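One file, my_file_16.cif, carrying mmCIF, C-alpha atoms:
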data_target
loop_
_atom_site.group_PDB
_atom_site.id
_atom_site.type_symbol
_atom_site.label_atom_id
_atom_site.label_comp_id
_atom_site.auth_asym_id
_atom_site.auth_seq_id
_atom_site.Cartn_x
_atom_site.Cartn_y
_atom_site.Cartn_z
ATOM 1 C CA MET G 163 16.762 12.467 9.609
ATOM 2 C CA SER G 164 16.061 9.449 11.799
ATOM 3 C CA PRO G 165 13.399 9.447 14.513
ATOM 4 C CA VAL G 166 14.375 10.214 18.090
ATOM 5 C CA SER G 167 15.451 7.230 20.137
ATOM 6 C CA ALA G 168 13.676 7.969 23.398
ATOM 7 C CA LYS G 169 14.472 6.335 26.694
ATOM 8 C CA ALA G 170 11.659 4.565 28.490
ATOM 9 C CA PRO G 171 10.121 6.543 31.363
ATOM 10 C CA PRO G 172 11.525 5.519 34.760
ATOM 11 C CA LYS G 173 9.473 3.253 37.006
ATOM 12 C CA GLN G 174 10.754 4.211 40.447
ATOM 13 C CA GLN G 175 8.531 6.834 42.073
ATOM 14 C CA ARG G 176 11.222 9.425 42.830
ATOM 15 C CA ALA G 177 12.746 9.165 39.365
ATOM 16 C CA ARG G 178 9.301 9.341 37.799
ATOM 17 C CA GLN G 179 8.554 12.525 39.741
ATOM 18 C CA THR G 180 11.755 14.097 38.416
ATOM 19 C CA TYR G 181 10.914 12.921 34.897
ATOM 20 C CA ASP G 182 7.426 14.440 35.062
ATOM 21 C CA LEU G 183 8.814 17.659 36.559
ATOM 22 C CA LEU G 184 11.204 18.002 33.622
ATOM 23 C CA LEU G 185 8.345 17.493 31.175
ATOM 24 C CA ASP G 186 6.111 20.029 32.946
ATOM 25 C CA VAL G 187 8.938 22.573 32.938
ATOM 26 C CA ALA G 188 9.728 21.862 29.291
ATOM 27 C CA GLY G 189 6.089 22.421 28.346
ATOM 28 C CA GLU G 190 6.014 25.739 30.190
ATOM 29 C CA LEU G 191 9.263 26.856 28.535
ATOM 30 C CA LEU G 192 7.969 25.887 25.113
ATOM 31 C CA ALA G 193 5.042 28.232 25.647
ATOM 32 C CA GLU G 194 7.438 31.005 26.694
ATOM 33 C CA VAL G 195 10.310 30.746 24.203
ATOM 34 C CA GLY G 196 9.183 28.403 21.394
ATOM 35 C CA ILE G 197 10.695 25.314 19.827
ATOM 36 C CA GLU G 198 13.906 26.853 18.494
ATOM 37 C CA ARG G 199 15.007 28.558 21.712
ATOM 38 C CA VAL G 200 14.102 25.884 24.239
ATOM 39 C CA SER G 201 17.148 23.874 25.315
ATOM 40 C CA THR G 202 18.152 21.186 27.771
ATOM 41 C CA ASN G 203 20.135 23.787 29.730
ATOM 42 C CA LEU G 204 17.072 26.018 30.074
ATOM 43 C CA ILE G 205 14.907 23.073 31.128
ATOM 44 C CA ALA G 206 17.418 21.840 33.703
ATOM 45 C CA ALA G 207 17.908 25.317 35.167
ATOM 46 C CA ARG G 208 14.170 25.976 35.477
ATOM 47 C CA ALA G 209 13.694 22.565 37.129
ATOM 48 C CA GLY G 210 16.529 23.226 39.596
ATOM 49 C CA LEU G 211 18.669 20.406 38.224
ATOM 50 C CA THR G 212 22.040 20.139 36.541
ATOM 51 C CA PRO G 213 22.270 19.259 32.822
ATOM 52 C CA PRO G 214 23.877 15.861 33.656
ATOM 53 C CA ALA G 215 20.834 15.083 35.842
ATOM 54 C CA LEU G 216 18.543 15.829 32.889
ATOM 55 C CA TYR G 217 20.628 13.645 30.578
ATOM 56 C CA ARG G 218 19.884 10.643 32.759
ATOM 57 C CA TYR G 219 16.363 10.867 31.359
ATOM 58 C CA PHE G 220 16.697 12.557 27.958
ATOM 59 C CA GLY G 221 19.495 12.483 25.410
ATOM 60 C CA ASP G 222 18.703 15.898 23.911
ATOM 61 C CA LYS G 223 15.901 18.414 23.567
ATOM 62 C CA TYR G 224 14.236 16.381 20.829
ATOM 63 C CA ALA G 225 13.958 13.446 23.203
ATOM 64 C CA VAL G 226 12.225 15.816 25.641
ATOM 65 C CA LEU G 227 9.854 16.954 22.894
ATOM 66 C CA GLU G 228 9.101 13.363 21.940
ATOM 67 C CA ALA G 229 8.326 12.482 25.546
ATOM 68 C CA LEU G 230 6.043 15.533 25.788
ATOM 69 C CA GLY G 231 4.254 14.416 22.641
ATOM 70 C CA ARG G 232 3.868 10.854 23.850
ATOM 71 C CA ARG G 233 2.546 11.981 27.231
ATOM 72 C CA LEU G 234 -0.037 14.225 25.585
ATOM 73 C CA MET G 235 -1.101 11.500 23.162
ATOM 74 C CA ALA G 236 -1.392 8.987 26.025
ATOM 75 C CA ARG G 237 -3.715 11.357 27.883
ATOM 76 C CA GLN G 238 -5.791 11.851 24.750
ATOM 77 C CA ASN G 239 -5.903 8.078 24.234
ATOM 78 C CA ALA G 240 -7.171 7.608 27.795
ATOM 79 C CA VAL G 241 -10.086 9.908 26.937
ATOM 80 C CA LEU G 242 -10.793 7.796 23.850
ATOM 81 C CA GLU G 243 -10.690 4.505 25.766
ATOM 82 C CA ALA G 244 -13.118 5.794 28.390
ATOM 83 C CA TRP G 245 -15.459 7.067 25.657
ATOM 84 C CA ILE G 246 -15.372 3.719 23.823
ATOM 85 C CA ALA G 247 -16.109 1.890 27.083
ATOM 86 C CA ARG G 248 -19.145 4.126 27.665
ATOM 87 C CA HIS G 249 -20.663 4.148 24.192
ATOM 88 C CA ALA G 250 -19.387 1.429 21.843
ATOM 89 C CA GLY G 251 -21.721 -1.182 23.297
ATOM 90 C CA GLY G 252 -24.698 0.882 22.181
ATOM 91 C CA GLY G 253 -23.764 0.564 18.515
ATOM 92 C CA LEU G 254 -23.006 3.107 15.814
ATOM 93 C CA ALA G 255 -26.006 5.265 16.737
ATOM 94 C CA ALA G 256 -24.809 5.652 20.332
ATOM 95 C CA MET G 257 -21.294 6.509 19.225
ATOM 96 C CA ALA G 258 -22.611 8.994 16.676
ATOM 97 C CA ASP G 259 -24.854 10.655 19.263
ATOM 98 C CA HIS G 260 -21.944 11.147 21.670
ATOM 99 C CA ILE G 261 -19.110 12.048 19.295
ATOM 100 C CA GLY G 262 -19.338 15.649 20.505
ATOM 101 C CA ASP G 263 -18.458 14.462 24.016
ATOM 102 C CA LEU G 264 -15.291 12.847 22.686
ATOM 103 C CA LEU G 265 -14.234 16.030 20.899
ATOM 104 C CA ALA G 266 -14.922 18.228 23.929
ATOM 105 C CA GLU G 267 -13.158 15.912 26.379
ATOM 106 C CA ASN G 268 -10.154 15.578 24.088
ATOM 107 C CA ALA G 269 -9.941 19.357 23.716
ATOM 108 C CA ALA G 270 -10.104 19.796 27.499
ATOM 109 C CA VAL G 271 -7.309 17.331 28.246
ATOM 110 C CA THR G 272 -5.160 18.879 25.517
ATOM 111 C CA ARG G 273 -5.586 22.409 26.862
ATOM 112 C CA ALA G 274 -4.687 21.222 30.365
ATOM 113 C CA GLU G 275 -1.265 20.077 29.134
ATOM 114 C CA PRO G 276 1.578 22.598 29.735
ATOM 115 C CA GLY G 277 2.667 24.028 26.375
ATOM 116 C CA ALA G 278 0.166 21.910 24.433
ATOM 117 C CA VAL G 279 0.016 24.103 21.325
ATOM 118 C CA TRP G 280 3.806 24.127 21.049
ATOM 119 C CA ILE G 281 3.988 20.384 21.555
ATOM 120 C CA LEU G 282 1.548 19.954 18.673
ATOM 121 C CA ARG G 283 3.544 22.359 16.520
ATOM 122 C CA ALA G 284 6.730 20.443 17.262
ATOM 123 C CA LEU G 285 5.086 17.175 16.239
ATOM 124 C CA HIS G 286 4.075 18.749 12.927
ATOM 125 C CA ALA G 287 7.189 20.751 12.147
ATOM 126 C CA THR G 288 10.065 18.570 13.336
ATOM 127 C CA PRO G 289 10.926 15.668 11.003
ATOM 128 C CA ARG G 290 12.365 13.665 13.885
ATOM 129 C CA LEU G 291 9.009 13.820 15.708
ATOM 130 C CA VAL G 292 6.417 13.326 12.971
ATOM 131 C CA HIS G 293 6.192 9.603 13.760
ATOM 132 C CA VAL G 294 4.780 10.336 17.240
ATOM 133 C CA ARG G 295 1.700 12.102 15.862
ATOM 134 C CA LEU G 296 1.274 9.550 13.074
ATOM 135 C CA GLU G 297 1.446 6.598 15.476
ATOM 136 C CA SER G 298 -1.110 8.243 17.753
ATOM 137 C CA HIS G 299 -3.591 9.025 14.980
ATOM 138 C CA ARG G 300 -3.264 5.501 13.637
ATOM 139 C CA TYR G 301 -3.893 4.132 17.124
ATOM 140 C CA VAL G 302 -7.049 6.225 17.504
ATOM 141 C CA THR G 303 -8.225 5.092 14.073
ATOM 142 C CA ALA G 304 -7.606 1.431 14.884
ATOM 143 C CA ARG G 305 -9.494 1.641 18.182
ATOM 144 C CA LEU G 306 -12.474 3.324 16.525
ATOM 145 C CA ALA G 307 -12.388 0.799 13.702
ATOM 146 C CA ASP G 308 -12.440 -2.060 16.206
ATOM 147 C CA ALA G 309 -15.379 -0.484 18.031
ATOM 148 C CA CYS G 310 -17.328 0.030 14.807
ATOM 149 C CA ALA G 311 -16.472 -3.342 13.270
ATOM 150 C CA ARG G 312 -18.392 -5.134 16.020
ATOM 151 C CA HIS G 313 -21.557 -3.628 14.570
ATOM 152 C CA LEU G 314 -20.574 -3.956 10.890
ATOM 153 C CA PRO G 315 -19.868 -7.646 10.283
ATOM 154 C CA GLY G 316 -19.865 -7.228 6.505
ATOM 155 C CA ALA G 317 -17.726 -4.095 6.304
ATOM 156 C CA ASP G 318 -14.490 -4.051 4.333
ATOM 157 C CA PRO G 319 -11.736 -3.429 6.958
ATOM 158 C CA GLU G 320 -9.598 -1.278 4.658
ATOM 159 C CA THR G 321 -12.511 0.983 3.699
ATOM 160 C CA LEU G 322 -13.606 1.286 7.320
ATOM 161 C CA TRP G 323 -10.069 2.194 8.439
ATOM 162 C CA ARG G 324 -9.625 4.740 5.637
ATOM 163 C CA ARG G 325 -12.870 6.577 6.371
ATOM 164 C CA LEU G 326 -12.212 6.663 10.079
ATOM 165 C CA ARG G 327 -8.630 7.787 9.498
ATOM 166 C CA LEU G 328 -9.946 10.812 7.620
ATOM 167 C CA ALA G 329 -12.456 11.498 10.372
ATOM 168 C CA VAL G 330 -9.722 11.305 13.023
ATOM 169 C CA GLU G 331 -7.548 13.748 11.098
ATOM 170 C CA LEU G 332 -10.462 16.168 10.770
ATOM 171 C CA GLY G 333 -11.154 16.068 14.496
ATOM 172 C CA PHE G 334 -7.548 16.723 15.518
ATOM 173 C CA ALA G 335 -7.030 19.380 12.832
ATOM 174 C CA ALA G 336 -10.088 21.330 13.930
ATOM 175 C CA ASP G 337 -8.980 21.300 17.553
ATOM 176 C CA GLU G 338 -5.473 22.477 16.635
ATOM 177 C CA MET G 339 -6.922 25.220 14.422
ATOM 178 C CA LEU G 340 -8.702 26.690 17.429
ATOM 179 C CA TYR G 341 -5.380 27.591 19.053
ATOM 180 C CA GLU G 342 -4.770 30.170 16.320
ATOM 181 C CA GLU G 343 -8.031 31.039 14.576
ATOM 182 C CA THR G 344 -9.839 33.812 16.456
ATOM 183 C CA ARG G 345 -12.642 34.478 13.968
ATOM 184 C CA VAL G 346 -14.719 31.466 15.012
ATOM 185 C CA ALA G 347 -16.114 30.308 18.344
ATOM 186 C CA SER G 348 -14.601 27.080 19.620
ATOM 187 C CA ASP G 349 -17.977 25.664 20.683
ATOM 188 C CA ALA G 350 -19.407 26.285 17.226
ATOM 189 C CA VAL G 351 -16.431 24.664 15.491
ATOM 190 C CA LEU G 352 -16.583 21.572 17.700
ATOM 191 C CA ALA G 353 -20.333 21.350 17.067
ATOM 192 C CA ASP G 354 -19.751 21.528 13.298
ATOM 193 C CA VAL G 355 -17.074 18.839 13.435
ATOM 194 C CA ALA G 356 -19.264 16.658 15.637
ATOM 195 C CA ALA G 357 -22.059 16.937 13.048
ATOM 196 C CA MET G 358 -19.655 15.897 10.272
ATOM 197 C CA LEU G 359 -18.357 12.940 12.270
ATOM 198 C CA ARG G 360 -21.872 11.857 13.213
ATOM 199 C CA GLY G 361 -22.582 11.718 9.508
ATOM 200 C CA VAL G 362 -19.507 9.546 8.912
ATOM 201 C CA LEU G 363 -20.501 7.086 11.629
ATOM 202 C CA ARG G 364 -24.104 6.889 10.475
ATOM 203 C CA GLU G 365 -23.060 6.300 6.870
ATOM 204 C CA LEU G 366 -20.923 3.361 7.982
ATOM 205 C CA GLY G 367 -24.077 1.545 9.028
#

When written as C-alpha cells, how does the structure in this file appear?
Amino acid sequence: MSPVSAKAPPKQQRARQTYDLLLDVAGELLAEVGIERVSTNLIAARAGLTPPALYRYFGDKYAVLEALGRRLMARQNAVLEAWIARHAGGGLAAMADHIGDLLAENAAVTRAEPGAVWILRALHATPRLVHVRLESHRYVTARLADACARHLPGADPETLWRRLRLAVELGFAADEMLYEETRVASDAVLADVAAMLRGVLRELG
C-alpha cells in the first residue's frame, strides 16, 4: 500500500485555524473511538463543518492521521532543536549530562498533544503511515549525529549514525511504553533510559 499523499498545510491564517481545529478534533476523537472507528464524517461533525469543507484540507482519514503525526513530530523536533542549541556547544559531556532533560521535555510535549497515544499507535500500525515515524526518527538521529560529530573529528559517520539511531529508538520506545505499562513509574523509567543514553554518548568520545 502506498504512503498517503498529504496536502501541504494552508498558509492563510483563517484556513490554518480551520486546519488546526480539524486536527485537534481528530486527536480528541481518536482518544474516544480509536483508529478504526474515527472517520472524516465524525471529524467534520465534531468540528462543526461539512465533509466537503474537510476535504479541502484532507483527502481521507489517513491524510488526517498523517497530518496529526507530522504535527506531533514537528513539536518533538522543536524540543530537540532547542536542546541542541542549549547543550551541543558544551561537547559530548554536556549533552550526556542533560539527556534526561531532552527525554522529559519530549514526553511533556507528546502528552500535551490531543490523542497522542493513538497517533503513535496509528504511525506504528498503519502501513500507509509508517514512513512518517521513520522519517522523524531518522531526522532526530541525523541532528544528534551532526551535533556529536563536531566533537568527534575522527569518528566513522556510519557507525556514529547507527549507534545514535539505536539510542533514538530506545528513547521513543520507552516513552511510548509508559502509555500502557502501569507496573513502573514514569520518572524511574525515564531516569533509566537517560542513564543508558548517557553511556552511549560518553562511549562515543

Self-check item: Test item: the PyMOL selection byres ((chain G and resi 253) around 10) resolved as a list of chain:residue names
Solution: G:His249, G:Ala250, G:Gly251, G:Gly252, G:Leu254, G:Ala255, G:Ala256, G:Met257, G:Ala258, G:Ala309, G:Cys310, G:Ala311, G:Arg312, G:His313, G:Leu314, G:Gly367

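Of the residues listed (G:Glu320, G:Asp354, G:Asp222, G:Glu297), G:Asp222 shows the shortest atom-to-atom separation from Val200 in chain G; distances use only C-alpha atoms.
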
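Coordinates place CA of Thr303 in chain G at a distance of 29.0 Å from CA of Lys173 in chain G.
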
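Between CA of Leu264 in chain G and CA of Asn239 in chain G the interatomic distance comes to 10.6 Å.
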
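Atom to atom, CA of Leu332 in chain G and CA of Arg232 in chain G stand 20.1 Å apart.
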
Report the closest atom pair, with its distance in Å rounded to one decimal, for each residue of range 325-353 of chain G that has an atom no farther than 10 Å from range 275-283 of chain G; count all atoms listed in the file, sort by chain and then rising residue number, and write it as a Markdown table.
| residue | atom | partner | partner_atom | distance |
| --- | --- | --- | --- | --- |
| G:Glu338 | CA | G:Val279 | CA | 7.4 |
| G:Met339 | CA | G:Val279 | CA | 9.9 |
| G:Leu340 | CA | G:Val279 | CA | 9.9 |
| G:Tyr341 | CA | G:Val279 | CA | 6.8 |
| G:Glu342 | CA | G:Val279 | CA | 9.2 |

Among G:Val226, G:Ala188, G:Val362, G:Ala207, Arg290 in chain G is approached most closely, using only C-alpha atoms, by G:Val226

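For the structure shown here, the set of residues caught by the PyMOL selection byres ((chain G and resi 191) around 10) is Leu185, Asp186, Val187, Ala188, Gly189, Glu190, Leu192, Ala193, Glu194, Val195, Gly196, Ile197, Arg199, Val200, Ser201, Leu204, Ile205, Arg208, Pro276, Gly277 and Trp280 of chain G.
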
Between G:Ala170, G:Ala353, G:Leu328, G:Leu366, smallest distance to Gly262 in chain G by all atoms listed in the file belongs to G:Ala353

Taking all atoms of range 169-178 of chain G that the file lists and extending 5 Å past them on each side, where is the centre of the axis-aligned box and how long are its edges? Answer in Å to one decimal, as AutoDock Vina command-line options.
--center_x 11.5 --center_y 6.3 --center_z 34.8 --size_x 15.9 --size_y 16.2 --size_z 26.1

Take the point (7.4, 11.2, 16.5) in the file's coordinates, draw a sphere of radius 12 Å around it, and report as a ChimeraX atom specification every protein, DNA or RNA residue with an atom inside or on it, counting all atoms listed in the file.
-> /G:163-168,224-233,235,281-299

Identify, on the basis of all atoms listed in the file, every residue whose closest approach to Leu265 in chain G does not exceed 10 Å; exclude the query and any residue fewer than 5 positions from it along the same chain; express the result as a PyMOL selection string. chain G and resi 241-242+260+270+333-334+336-337+352-353+355-356

Hits of the PyMOL selection byres ((chain G and resi 218) around 12) in this structure, as an NGL selection string: :G and (168-172 or 177-178 or 180-181 or 184 or 202 or 206 or 211-217 or 219-222 or 225-226)
